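Next comes upload-v5.tsv, a file with TSV, C-alpha atoms.
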```
chain	number	residue	atom	x	y	z
A	1	MET	CA	-43.85	-65.48	-48.40
A	2	ASN	CA	-46.57	-67.97	-47.49
A	3	ALA	CA	-48.85	-67.72	-44.46
A	4	VAL	CA	-46.74	-70.06	-42.30
A	5	GLN	CA	-43.56	-68.11	-42.94
A	6	LYS	CA	-45.29	-64.78	-42.36
A	7	THR	CA	-46.73	-65.91	-39.00
A	8	PHE	CA	-43.35	-67.35	-37.98
A	9	TRP	CA	-41.50	-64.12	-38.83
A	10	ASP	CA	-44.16	-62.03	-37.08
A	11	GLY	CA	-43.39	-64.09	-33.97
A	12	VAL	CA	-39.64	-63.56	-34.44
A	13	LYS	CA	-40.13	-59.80	-34.88
A	14	SER	CA	-42.35	-59.55	-31.79
A	15	GLU	CA	-39.56	-61.08	-29.71
A	16	ILE	CA	-36.69	-58.86	-30.88
A	17	PRO	CA	-37.44	-55.81	-28.65
A	18	LEU	CA	-37.47	-58.14	-25.63
A	19	LEU	CA	-33.97	-59.38	-26.43
A	20	ILE	CA	-32.47	-56.08	-25.21
A	21	GLY	CA	-33.29	-57.24	-21.68
A	22	VAL	CA	-32.74	-60.96	-22.27
A	23	VAL	CA	-29.23	-61.00	-23.73
A	24	PRO	CA	-27.44	-59.18	-20.87
A	25	PHE	CA	-29.40	-61.34	-18.42
A	26	GLY	CA	-28.28	-64.53	-20.17
A	27	MET	CA	-24.68	-63.33	-20.01
A	28	ILE	CA	-24.98	-62.53	-16.31
A	29	TYR	CA	-26.50	-65.97	-15.75
A	30	GLY	CA	-23.60	-67.70	-17.54
A	31	ALA	CA	-20.95	-65.85	-15.52
A	32	LEU	CA	-22.74	-66.30	-12.18
A	33	ALA	CA	-23.54	-69.99	-12.69
A	34	LEU	CA	-19.85	-70.58	-13.23
A	35	ASP	CA	-19.02	-68.50	-10.14
A	36	ALA	CA	-21.60	-70.50	-8.11
A	37	GLY	CA	-19.57	-73.63	-8.78
A	38	LEU	CA	-21.38	-75.19	-11.73
A	39	SER	CA	-19.22	-76.60	-14.51
A	40	LYS	CA	-19.21	-74.89	-17.91
A	41	LEU	CA	-21.16	-77.79	-19.39
A	42	ALA	CA	-23.72	-77.81	-16.55
A	43	SER	CA	-24.17	-74.02	-16.79
A	44	GLN	CA	-24.82	-74.22	-20.53
A	45	MET	CA	-27.00	-77.35	-20.27
A	46	MET	CA	-29.17	-75.68	-17.66
A	47	SER	CA	-29.98	-72.98	-20.25
A	48	THR	CA	-30.79	-75.73	-22.74
A	49	ILE	CA	-32.75	-78.10	-20.50
A	50	VAL	CA	-34.38	-75.82	-17.92
A	51	PHE	CA	-34.65	-72.76	-20.22
A	52	ALA	CA	-36.21	-70.46	-17.58
A	53	GLY	CA	-34.28	-67.43	-16.33
A	54	SER	CA	-35.37	-67.01	-12.73
A	55	ALA	CA	-35.37	-70.80	-12.13
A	56	GLN	CA	-31.79	-70.99	-13.40
A	57	PHE	CA	-30.56	-68.11	-11.21
A	58	ILE	CA	-32.24	-69.63	-8.14
A	59	THR	CA	-30.80	-73.07	-8.92
A	60	ALA	CA	-27.32	-71.57	-9.22
A	61	GLN	CA	-27.76	-69.88	-5.83
A	62	LEU	CA	-29.04	-73.10	-4.20
A	63	VAL	CA	-26.18	-75.11	-5.69
A	64	ALA	CA	-23.73	-72.54	-4.28
A	65	GLU	CA	-25.40	-72.98	-0.86
A	66	ALA	CA	-25.20	-76.78	-1.22
A	67	ALA	CA	-28.96	-77.25	-0.89
A	68	PRO	CA	-30.09	-80.86	-1.38
A	69	ALA	CA	-31.65	-81.90	-4.68
A	70	PHE	CA	-35.19	-82.30	-3.34
A	71	VAL	CA	-35.22	-78.71	-2.05
A	72	ILE	CA	-33.95	-77.41	-5.40
A	73	ILE	CA	-36.54	-79.44	-7.32
A	74	LEU	CA	-39.39	-78.41	-5.02
A	75	THR	CA	-38.38	-74.75	-5.16
A	76	ILE	CA	-38.11	-74.68	-8.94
A	77	ALA	CA	-41.40	-76.55	-9.35
A	78	VAL	CA	-43.17	-73.89	-7.31
A	79	VAL	CA	-41.29	-71.01	-8.98
A	80	ASN	CA	-42.38	-72.30	-12.40
A	81	LEU	CA	-46.01	-72.91	-11.43
A	82	ARG	CA	-46.91	-69.72	-13.29
A	83	HIS	CA	-46.28	-71.56	-16.56
A	84	MET	CA	-49.47	-73.51	-15.88
A	85	LEU	CA	-51.38	-70.24	-16.00
A	86	TYR	CA	-49.62	-69.27	-19.24
A	87	SER	CA	-50.43	-72.64	-20.81
A	88	ALA	CA	-54.05	-72.44	-19.73
A	89	SER	CA	-54.48	-69.00	-21.25
A	90	LEU	CA	-52.83	-70.09	-24.55
A	91	ALA	CA	-54.77	-73.38	-24.70
A	92	PRO	CA	-57.73	-72.06	-26.73
A	93	TYR	CA	-55.31	-71.19	-29.56
A	94	LEU	CA	-53.22	-74.36	-29.41
A	95	LYS	CA	-55.45	-77.20	-28.21
A	96	HIS	CA	-56.09	-78.59	-31.72
A	97	LEU	CA	-52.37	-79.24	-32.32
A	98	SER	CA	-50.64	-82.63	-32.38
A	99	ILE	CA	-48.85	-83.84	-29.25
A	100	LYS	CA	-45.48	-83.18	-30.95
A	101	TRP	CA	-46.32	-79.51	-31.43
A	102	LYS	CA	-47.65	-79.24	-27.89
A	103	VAL	CA	-44.46	-80.72	-26.44
A	104	LEU	CA	-42.29	-78.41	-28.54
A	105	LEU	CA	-44.30	-75.28	-27.67
A	106	SER	CA	-44.46	-76.24	-23.98
A	107	TYR	CA	-40.69	-76.48	-23.94
A	108	LEU	CA	-40.33	-73.08	-25.63
A	109	LEU	CA	-42.94	-71.37	-23.43
A	110	THR	CA	-41.36	-68.70	-21.22
A	111	ASP	CA	-42.45	-65.35	-19.79
A	112	GLU	CA	-40.86	-63.58	-22.74
A	113	ALA	CA	-42.46	-65.78	-25.41
A	114	TYR	CA	-45.83	-65.79	-23.67
A	115	ALA	CA	-46.20	-62.01	-23.46
A	116	PRO	CA	-46.08	-61.13	-27.20
A	117	SER	CA	-47.93	-64.33	-28.19
A	118	ILE	CA	-50.99	-63.83	-26.00
A	119	LEU	CA	-51.22	-60.21	-27.21
A	120	HIS	CA	-51.07	-61.44	-30.80
A	121	TYR	CA	-53.65	-64.17	-30.26
A	122	GLU	CA	-56.09	-61.93	-28.43
A	123	LYS	CA	-55.88	-59.41	-31.27
A	124	GLU	CA	-55.90	-61.77	-34.27
A	125	GLY	CA	-57.96	-64.66	-32.87
A	126	LEU	CA	-57.40	-68.29	-33.79
A	127	GLN	CA	-56.02	-68.74	-37.29
A	128	LYS	CA	-54.80	-71.76	-39.19
A	129	HIS	CA	-51.10	-71.15	-38.56
A	130	SER	CA	-51.38	-69.38	-35.18
A	131	HIS	CA	-48.96	-71.74	-33.47
A	132	TRP	CA	-46.12	-70.59	-35.75
A	133	PHE	CA	-46.20	-67.23	-33.98
A	134	LEU	CA	-45.41	-68.72	-30.56
A	135	PHE	CA	-42.85	-70.98	-32.24
A	136	GLY	CA	-41.15	-67.97	-33.87
A	137	ALA	CA	-41.09	-65.98	-30.63
A	138	GLY	CA	-39.95	-68.98	-28.56
A	139	ALA	CA	-37.27	-70.10	-31.01
A	140	THR	CA	-35.84	-66.57	-31.22
A	141	LEU	CA	-35.63	-66.38	-27.46
A	142	TRP	CA	-34.14	-69.88	-27.27
A	143	VAL	CA	-31.31	-69.11	-29.70
A	144	SER	CA	-30.56	-65.79	-27.95
A	145	TRP	CA	-30.57	-67.43	-24.51
A	146	GLN	CA	-28.16	-70.18	-25.59
A	147	ILE	CA	-25.74	-67.74	-27.23
A	148	SER	CA	-25.85	-65.21	-24.39
A	149	THR	CA	-25.30	-67.99	-21.83
A	150	ALA	CA	-22.26	-69.20	-23.79
A	151	LEU	CA	-20.92	-65.62	-23.93
A	152	GLY	CA	-21.46	-65.24	-20.19
A	153	ILE	CA	-19.63	-68.51	-19.46
A	154	PHE	CA	-16.77	-67.36	-21.67
A	155	LEU	CA	-16.61	-63.99	-19.86
A	156	GLY	CA	-16.92	-65.80	-16.51
A	157	THR	CA	-13.73	-67.72	-17.20
A	158	LYS	CA	-11.94	-64.40	-17.76
A	159	ILE	CA	-12.96	-62.94	-14.39
A	160	PRO	CA	-10.13	-63.40	-11.87
A	161	ASP	CA	-10.93	-65.85	-9.07
A	162	ASP	CA	-10.09	-63.34	-6.35
A	163	LEU	CA	-12.78	-60.95	-7.60
A	164	SER	CA	-15.78	-62.17	-5.60
A	165	LEU	CA	-18.97	-62.31	-7.59
A	166	ASP	CA	-20.96	-64.07	-4.90
A	167	PHE	CA	-22.87	-60.86	-4.12
A	168	ALA	CA	-24.01	-60.58	-7.74
A	169	LEU	CA	-26.64	-63.28	-7.33
A	170	PRO	CA	-28.46	-61.64	-4.39
A	171	VAL	CA	-28.25	-58.26	-6.18
A	172	THR	CA	-29.73	-59.89	-9.28
A	173	PHE	CA	-32.56	-61.27	-7.14
A	174	ILE	CA	-33.19	-57.79	-5.71
A	175	ALA	CA	-33.30	-56.45	-9.27
A	176	MET	CA	-35.78	-59.17	-10.25
A	177	LEU	CA	-37.96	-58.88	-7.14
A	178	VAL	CA	-38.32	-55.21	-6.17
A	179	PRO	CA	-39.82	-53.88	-9.44
A	180	THR	CA	-42.57	-56.54	-9.23
A	181	LEU	CA	-43.65	-55.42	-5.74
A	182	LYS	CA	-46.43	-52.93	-6.39
A	183	LYS	CA	-49.34	-53.92	-4.17
A	184	ALA	CA	-49.26	-53.79	-0.36
A	185	PRO	CA	-50.15	-57.52	0.07
A	186	ALA	CA	-47.27	-58.52	-2.22
A	187	ILE	CA	-44.81	-56.33	-0.29
A	188	ALA	CA	-46.05	-57.65	3.07
A	189	SER	CA	-45.84	-61.29	2.00
A	190	ALA	CA	-42.34	-60.80	0.55
A	191	LEU	CA	-41.21	-59.15	3.82
A	192	CYS	CA	-42.71	-62.02	5.85
A	193	ALA	CA	-41.01	-64.62	3.66
A	194	GLY	CA	-37.70	-62.79	4.14
A	195	ILE	CA	-38.05	-62.55	7.92
A	196	ILE	CA	-39.08	-66.22	8.25
A	197	ALA	CA	-36.07	-67.14	6.10
A	198	LEU	CA	-33.84	-65.28	8.60
A	199	LEU	CA	-35.45	-66.95	11.63
A	200	THR	CA	-35.21	-70.43	10.09
A	201	TYR	CA	-31.75	-69.97	8.58
A	202	ASN	CA	-30.22	-72.74	10.69
A	203	LEU	CA	-32.74	-75.43	9.72
A	204	PRO	CA	-31.15	-78.32	7.83
A	205	PHE	CA	-31.53	-78.89	4.07
A	206	LYS	CA	-32.48	-75.24	3.44
A	207	LEU	CA	-35.97	-76.17	4.62
A	208	GLY	CA	-36.30	-72.60	5.91
A	209	LEU	CA	-36.66	-71.52	2.28
A	210	ILE	CA	-39.73	-73.71	1.77
A	211	LEU	CA	-41.18	-72.66	5.15
A	212	ALA	CA	-40.60	-68.98	4.33
A	213	ALA	CA	-42.41	-69.31	1.01
A	214	LEU	CA	-45.35	-71.12	2.63
A	215	VAL	CA	-45.73	-68.41	5.30
A	216	GLY	CA	-45.39	-65.71	2.62
A	217	ILE	CA	-48.10	-67.33	0.48
A	218	THR	CA	-50.43	-67.60	3.49
A	219	VAL	CA	-49.88	-63.94	4.46
A	220	GLY	CA	-50.45	-62.85	0.85
A	221	ILE	CA	-53.71	-64.79	0.53
A	222	VAL	CA	-55.06	-63.54	3.88
A	223	LEU	CA	-54.24	-59.89	3.04
A	224	GLU	CA	-55.74	-60.15	-0.47
A	225	LYS	CA	-58.97	-61.55	1.04
A	226	GLN	CA	-59.18	-58.85	3.72
A	227	ASN	CA	-58.65	-56.04	1.30
A	228	PRO	CA	-59.85	-57.09	-2.15
A	229	GLN	CA	-60.12	-53.55	-3.56
A	230	ARG	CA	-56.57	-52.66	-2.81
A	231	GLY	CA	-55.55	-56.00	-4.25
A	232	GLN	CA	-57.18	-55.29	-7.58
A	233	ASP	CA	-56.37	-51.69	-8.41
A	234	GLY	CA	-52.76	-52.47	-9.09
A	235	LYS	CA	-50.80	-49.74	-7.34
B	236	MET	CA	-46.18	-64.42	-6.74
B	237	PHE	CA	-44.43	-67.67	-5.79
B	238	HIS	CA	-41.13	-66.76	-7.29
B	239	GLN	CA	-41.17	-63.40	-5.52
B	240	LEU	CA	-41.37	-65.18	-2.17
B	241	PHE	CA	-38.45	-67.46	-2.91
B	242	LEU	CA	-36.39	-64.50	-4.12
B	243	SER	CA	-37.17	-62.64	-0.91
B	244	ALA	CA	-36.36	-65.72	1.21
B	245	ILE	CA	-32.97	-65.96	-0.53
B	246	ILE	CA	-32.19	-62.22	-0.39
B	247	PHE	CA	-32.77	-61.65	3.35
B	248	PRO	CA	-30.21	-64.18	4.69
B	249	GLU	CA	-27.70	-63.04	2.03
B	250	LEU	CA	-27.92	-59.48	3.35
B	251	PHE	CA	-28.38	-59.97	7.09
B	252	ILE	CA	-26.34	-63.07	7.91
B	253	GLN	CA	-22.58	-62.74	8.13
B	254	ASN	CA	-20.38	-65.66	9.16
B	255	GLY	CA	-23.46	-67.61	10.25
B	256	GLU	CA	-24.84	-64.87	12.51
B	257	LEU	CA	-27.35	-62.05	12.16
B	258	ASN	CA	-25.65	-58.71	11.59
B	259	PHE	CA	-27.83	-55.58	11.50
B	260	GLN	CA	-24.91	-53.18	11.95
B	261	PHE	CA	-23.48	-50.57	9.61
B	262	THR	CA	-20.27	-52.59	9.39
B	263	ASN	CA	-22.24	-55.12	7.31
B	264	ILE	CA	-21.41	-53.79	3.85
B	265	ARG	CA	-23.52	-56.41	2.05
B	266	LEU	CA	-26.56	-55.11	3.94
B	267	LEU	CA	-25.70	-51.51	3.02
B	268	ALA	CA	-25.07	-52.37	-0.62
B	269	GLY	CA	-28.28	-54.42	-0.65
B	270	VAL	CA	-30.31	-51.49	0.68
B	271	ILE	CA	-28.76	-49.26	-1.99
B	272	ALA	CA	-29.73	-51.84	-4.62
B	273	ILE	CA	-33.30	-52.09	-3.25
B	274	VAL	CA	-33.73	-48.30	-3.35
B	275	THR	CA	-32.27	-48.22	-6.88
B	276	ALA	CA	-34.61	-51.00	-8.02
B	277	TRP	CA	-37.63	-49.32	-6.46
B	278	PHE	CA	-37.07	-46.02	-8.24
B	279	SER	CA	-35.48	-47.12	-11.52
B	280	ARG	CA	-37.52	-50.34	-11.99
B	281	ASN	CA	-34.58	-51.37	-14.17
B	282	THR	CA	-32.86	-54.71	-13.63
B	283	LEU	CA	-29.49	-53.95	-15.19
B	284	ILE	CA	-29.07	-50.53	-13.55
B	285	THR	CA	-29.87	-52.14	-10.18
B	286	ILE	CA	-27.28	-54.90	-10.61
B	287	ILE	CA	-24.60	-52.41	-11.67
B	288	ILE	CA	-25.32	-49.94	-8.83
B	289	GLY	CA	-25.50	-52.75	-6.26
B	290	MET	CA	-22.16	-54.24	-7.30
B	291	VAL	CA	-20.46	-50.83	-7.53
B	292	ALA	CA	-21.84	-49.95	-4.08
B	293	LEU	CA	-20.39	-53.14	-2.58
B	294	PHE	CA	-17.06	-52.51	-4.27
B	295	ILE	CA	-16.84	-48.92	-2.99
B	296	LEU	CA	-18.01	-49.81	0.54
B	297	GLY	CA	-15.54	-52.68	0.60
B	298	SER	CA	-12.60	-50.48	-0.31
B	299	LEU	CA	-13.42	-47.70	2.21
```
Would you write the structure of this file as structure tokens?
Amino acid sequence: MNAVQKTFWDGVKSEIPLLIGVVPFGMIYGALALDAGLSKLASQMMSTIVFAGSAQFITAQLVAEAAPAFVIILTIAVVNLRHMLYSASLAPYLKHLSIKWKVLLSYLLTDEAYAPSILHYEKEGLQKHSHWFLFGAGATLWVSWQISTALGIFLGTKIPDDLSLDFALPVTFIAMLVPTLKKAPAIASALCAGIIALLTYNLPFKLGLILAALVGITVGIVLEKQNPQRGQDGK
Amino acid sequence: MFHQLFLSAIIFPELFIQNGELNFQFTNIRLLAGVIAIVTAWFSRNTLITIIIGMVALFILGSL
């Protein structure tokens, strides 16, 4: 095996343990997107084009609530802002690549591909074929996400229409949100965002969602500034 | 951080608003099931277990 192949397969192998969480999630996404009113093709194409779990779940929810396109686009743009931080931290290892490679790796960059790749790069440093590691991890995730989405869509068509799955999306959001709330400022800002969302529920175009996030961000920043120690120690 | 806030802003109305109105009462089974899911998520820190418990809770509360 040459160096390119070895780096690629190391990336693939680093991704495999993460698939235990990803595959069921992809299946749930497929079934719920269908239940939210997206067509089979749209549900599958969202996994191919958007290729970002939480953004896809939120889009499905907003489509079900008939939110206008600009609110969906704005929401997803903000939700995916974290990818800028991922890209910036990977840049030292990838900046020498051609634009084609950068486009491909940007497309494949997700939370699950970023995590093993940055660990690998920080340990091994920049090497000639480093980018094949991220490619291996990202491609493995991509294939798994497409297949698990397709399985979920297939299972979704088997679920009887009278069995209401509309609660599954909010429960999924609870499952995604609560384990990430560790620090007091994060909990406070999430609570504020939730309460503002309740108070502004009747605003047109789901604008309450944007307002709630803005208030939540402000509260989070103010609390972090007031209490920097508690913000940094993690728990 | 940003995606947490949007999740929270989606979750609250889903749990508290029934037929277009705020409902804080115990007859609101989505609120009860949601609280069960939140407690499960807090202690288990496991996504799949939370989804399963939350859905089962709603199903059981709905059939009581």
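Using all atoms listed in the file, the smallest distance between any of A:Val143, A:Leu97, A:Val103, A:Ala64 and A:Ser47 comes from A:Val143.
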Point to revise | Near-B:Ser298 list (12 Å; all atoms listed in the file; drop same-chain fewer than 6 positions) as number ranges by chain | key: B: 264, 291-292
Residues of chain B that approach chain A to 8 Å or less, counting all atoms listed in the file: could you list each one with the shortest pair of atoms and its distance in Å to one decimal, rows by chain and increasing residue number, as a tab-separated table?
```
residue	atom	partner	partner_atom	distance
B:Met236	CA	A:Ala186	CA	7.5
B:Phe237	CA	A:Val79	CA	5.6
B:His238	CA	A:Val79	CA	4.6
B:Gln239	CA	A:Leu177	CA	5.8
B:Leu240	CA	A:Ala190	CA	5.2
B:Phe241	CA	A:Ala213	CA	5.9
B:Leu242	CA	A:Phe173	CA	5.8
B:Ser243	CA	A:Gly194	CA	5.1
B:Ala244	CA	A:Gly194	CA	4.4
B:Ile245	CA	A:Leu209	CA	7.2
B:Ile246	CA	A:Pro170	CA	5.5
B:Phe247	CA	A:Gly194	CA	5.1
B:Pro248	CA	A:Leu198	CA	5.4
B:Glu249	CA	A:Pro170	CA	6.6
B:Phe251	CA	A:Leu198	CA	7.8
B:Ile252	CA	A:Leu198	CA	7.8
B:Arg265	CA	A:Phe167	CA	7.6
B:Gly269	CA	A:Val171	CA	6.7
B:Ala272	CA	A:Val171	CA	6.8
B:Ile273	CA	A:Ile174	CA	6.2
B:Ala276	CA	A:Ala175	CA	5.7
B:Trp277	CA	A:Pro179	CA	5.9
B:Arg280	CA	A:Pro179	CA	4.9
B:Asn281	CA	A:Ala175	CA	7.2
B:Thr282	CA	A:Ala175	CA	4.7
B:Leu283	CA	A:Ala175	CA	7.5
B:Thr285	CA	A:Ala175	CA	5.6
B:Ile286	CA	A:Val171	CA	5.6
B:Gly289	CA	A:Val171	CA	6.2
B:Met290	CA	A:Ala168	CA	6.6
```
Exercise for review: Write out as a count of residues only the residues lying within 10 Å of A:Pro68, counting all atoms listed in the file and excluding same-chain residues fewer than 2 positions away.
Suggested key: 12
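Between atom CA of B:Ile295 and atom CA of A:Ile159 the separation is 18.5 Å.
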Around (-25.8, -77.7, -20.3) in the file's frame, which residues reach within 12 Å when counting all atoms listed in the file? Return as a PDB file with C-alpha atoms, in the coordinates of the input?
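Output (out-v4.pdb):
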```
ATOM      1  CA  GLY A  30     -23.600 -67.700 -17.540  1.00  0.00           C
ATOM      2  CA  ALA A  33     -23.540 -69.990 -12.690  1.00  0.00           C
ATOM      3  CA  LEU A  34     -19.850 -70.580 -13.230  1.00  0.00           C
ATOM      4  CA  LEU A  38     -21.380 -75.190 -11.730  1.00  0.00           C
ATOM      5  CA  SER A  39     -19.220 -76.600 -14.510  1.00  0.00           C
ATOM      6  CA  LYS A  40     -19.210 -74.890 -17.910  1.00  0.00           C
ATOM      7  CA  LEU A  41     -21.160 -77.790 -19.390  1.00  0.00           C
ATOM      8  CA  ALA A  42     -23.720 -77.810 -16.550  1.00  0.00           C
ATOM      9  CA  SER A  43     -24.170 -74.020 -16.790  1.00  0.00           C
ATOM     10  CA  GLN A  44     -24.820 -74.220 -20.530  1.00  0.00           C
ATOM     11  CA  MET A  45     -27.000 -77.350 -20.270  1.00  0.00           C
ATOM     12  CA  MET A  46     -29.170 -75.680 -17.660  1.00  0.00           C
ATOM     13  CA  SER A  47     -29.980 -72.980 -20.250  1.00  0.00           C
ATOM     14  CA  THR A  48     -30.790 -75.730 -22.740  1.00  0.00           C
ATOM     15  CA  ILE A  49     -32.750 -78.100 -20.500  1.00  0.00           C
ATOM     16  CA  VAL A  50     -34.380 -75.820 -17.920  1.00  0.00           C
ATOM     17  CA  PHE A  51     -34.650 -72.760 -20.220  1.00  0.00           C
ATOM     18  CA  GLN A  56     -31.790 -70.990 -13.400  1.00  0.00           C
ATOM     19  CA  GLN A 146     -28.160 -70.180 -25.590  1.00  0.00           C
ATOM     20  CA  THR A 149     -25.300 -67.990 -21.830  1.00  0.00           C
ATOM     21  CA  ALA A 150     -22.260 -69.200 -23.790  1.00  0.00           C
ATOM     22  CA  ILE A 153     -19.630 -68.510 -19.460  1.00  0.00           C
TER      23      ILE A 153
END
```
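Atom CA of B:Val270 is positioned 20.0 Å from atom CA of B:Gly255.
We find atom CA of B:Ile288 and atom CA of B:Phe261 to be spaced 18.5 Å apart.
Using all atoms listed in the file, the contacts of A:Gly11 at a cut-off of 8 Å, with sequence neighbours closer than 5 positions omitted, comprise Pro116, Ser117, Trp132, Phe133, Leu134, Phe135, Gly136 and Ala137 of chain A.
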